[in-house]
Amino acid sequence: METEDESITASNRALLTTIAIIAVVIIGAIVLLCYFIILTGEGFVTAGPHPRISDGDAARCEITQEDFKEHPALKELIVQRKYVLFSHGVLLDLLVRITPGTYSFSAVHDPGSRYSKRVISYEEYRVLENQYSGCAYNGTVYAIVQTA
């Protein structure tokens with residue numbers, strides 16, 4: 001026969017187990033929500049013909065081979081016409097790269113992909129946008145923009 005202390009302990013154990021299960025479910029839902037937000041928030045940089053400047057003579061500057069050496073992502077944007085991924089931090093970048101169905105995953109596993117394997121920081125994107133948007137290469141004026 002159970003004593004009063006043993007029955008309280010059993011009910012406490014059941015209560016703690018229930019609270020632990022609810023906590024695990026809530027934490028799992030939060031992690032999945034964050035994961036979904038990260039994966040749908042892949043941001044890319046792309047380059048294309050400038051929408052307002054079509055004449056190469058009206059360009060701010062001419063993009064040279066030295067510019068491509070200084071900024072390797074610029075060559076992938078302009079010459080190879082690839083999308084370049086923004087960095088969201090080391091852990092999040094790794095998460096995005098190992099998840100099937102993301103652009104980064106296809107860039108790593110498909111050499112012919114239109115997505116670059118290169119990942120640039122937001123600061124690098126700002127440098128590319130400020131220095132090279134409106135500049136010409138082979139007679140075409142390019143705009144460097146962020147895509148969603």
# chains A, B, ... in the order shown; residues from 1 in each chain; ligands from 1
$ residues_around --residues "Gly134 in chain A" --least-positions-apart "5" --cutoff "6 Å" --atoms "only C-alpha atoms" --output "list in words"
Ala59, Arg60, Val141, Tyr142 and Ala143 of chain A
$ closest_residue --among "A:Val25, A:Asn138, A:Asn12, A:Leu32" --to "Val79 in chain A" --atoms "only C-alpha atoms"
A:Asn138
$ residues_around --residues "Ile78 in chain A" --least-positions-apart "6" --cutoff "9 Å" --atoms "only C-alpha atoms" --output "PDB file with N, CA and C atoms, in the first residue's frame"
ATOM      1  N   THR A  46      23.371  39.638 -57.306  1.00  0.00           N
ATOM      2  CA  THR A  46      23.447  39.346 -58.727  1.00  0.00           C
ATOM      3  C   THR A  46      23.828  40.612 -59.475  1.00  0.00           C
ATOM      4  N   ALA A  47      24.294  40.441 -60.693  1.00  0.00           N
ATOM      5  CA  ALA A  47      24.643  41.581 -61.533  1.00  0.00           C
ATOM      6  C   ALA A  47      23.973  41.397 -62.884  1.00  0.00           C
ATOM      7  N   GLY A  48      23.510  42.492 -63.427  1.00  0.00           N
ATOM      8  CA  GLY A  48      22.883  42.456 -64.739  1.00  0.00           C
ATOM      9  C   GLY A  48      22.985  43.823 -65.382  1.00  0.00           C
ATOM     10  N   TYR A 137      31.721  46.827 -68.273  1.00  0.00           N
ATOM     11  CA  TYR A 137      32.659  45.767 -68.611  1.00  0.00           C
ATOM     12  C   TYR A 137      32.277  45.288 -70.006  1.00  0.00           C
ATOM     13  N   TYR A 142      26.760  47.615 -65.739  1.00  0.00           N
ATOM     14  CA  TYR A 142      26.136  46.652 -64.829  1.00  0.00           C
ATOM     15  C   TYR A 142      25.601  47.302 -63.569  1.00  0.00           C
ATOM     16  N   ILE A 144      24.648  46.069 -59.668  1.00  0.00           N
ATOM     17  CA  ILE A 144      24.849  44.975 -58.707  1.00  0.00           C
ATOM     18  C   ILE A 144      23.784  45.135 -57.639  1.00  0.00           C
TER      19      ILE A 144
END
$ closest_residue --among "A:Ser133, A:Ser113, A:Ser11, A:Gln65" --to "Gln80 in chain A" --atoms "only C-alpha atoms"
A:Ser113
$ residues_around --residues "Thr64 in chain A" --least-positions-apart "3" --cutoff "12 Å" --atoms "only C-alpha atoms" --output "list in words"
Cys61, Asp67, Phe68, Lys69, Glu70, His71, Leu74, Lys75, Ile78, Val79, Tyr132, Cys135, Ala136, Tyr137 and Asn138 of chain A
$ residues_around --residues "Phe86 in chain A" --least-positions-apart "6" --cutoff "8 Å" --atoms "only C-alpha atoms" --output "ChimeraX atom specification"
/A:42-45,119-122,125
$ write_last_selection --atoms "N, CA and C atoms" --output "mmCIF file, in the first residue's frame"
data_model
loop_
_atom_site.group_PDB
_atom_site.id
_atom_site.type_symbol
_atom_site.label_atom_id
_atom_site.label_comp_id
_atom_site.auth_asym_id
_atom_site.auth_seq_id
_atom_site.Cartn_x
_atom_site.Cartn_y
_atom_site.Cartn_z
ATOM 1 N N GLU A 42 17.419 33.039 -47.726
ATOM 2 C CA GLU A 42 18.683 33.047 -48.443
ATOM 3 C C GLU A 42 18.741 34.301 -49.303
ATOM 4 N N GLY A 43 19.748 35.126 -49.090
ATOM 5 C CA GLY A 43 19.889 36.339 -49.874
ATOM 6 C C GLY A 43 21.043 36.216 -50.843
ATOM 7 N N PHE A 44 20.839 36.680 -52.049
ATOM 8 C CA PHE A 44 21.865 36.602 -53.063
ATOM 9 C C PHE A 44 22.155 37.960 -53.645
ATOM 10 N N VAL A 45 23.347 38.059 -54.209
ATOM 11 C CA VAL A 45 23.753 39.234 -54.959
ATOM 12 C C VAL A 45 23.825 38.791 -56.412
ATOM 13 N N VAL A 119 30.648 32.638 -50.816
ATOM 14 C CA VAL A 119 29.754 33.333 -49.889
ATOM 15 C C VAL A 119 30.452 34.636 -49.503
ATOM 16 N N ILE A 120 29.735 35.757 -49.619
ATOM 17 C CA ILE A 120 30.346 37.040 -49.268
ATOM 18 C C ILE A 120 29.623 37.650 -48.078
ATOM 19 N N SER A 121 30.333 38.512 -47.378
ATOM 20 C CA SER A 121 29.740 39.208 -46.235
ATOM 21 C C SER A 121 28.889 40.373 -46.737
ATOM 22 N N TYR A 122 28.069 40.893 -45.857
ATOM 23 C CA TYR A 122 27.253 42.053 -46.217
ATOM 24 C C TYR A 122 28.158 43.240 -46.535
ATOM 25 N N TYR A 125 29.362 42.926 -50.026
ATOM 26 C CA TYR A 125 28.284 43.298 -50.942
ATOM 27 C C TYR A 125 28.193 44.812 -51.075
#
$ closest_residue --among "A:Val31, A:Arg114, A:Ala20, A:Pro49" --to "Val145 in chain A" --atoms "only C-alpha atoms"
A:Pro49
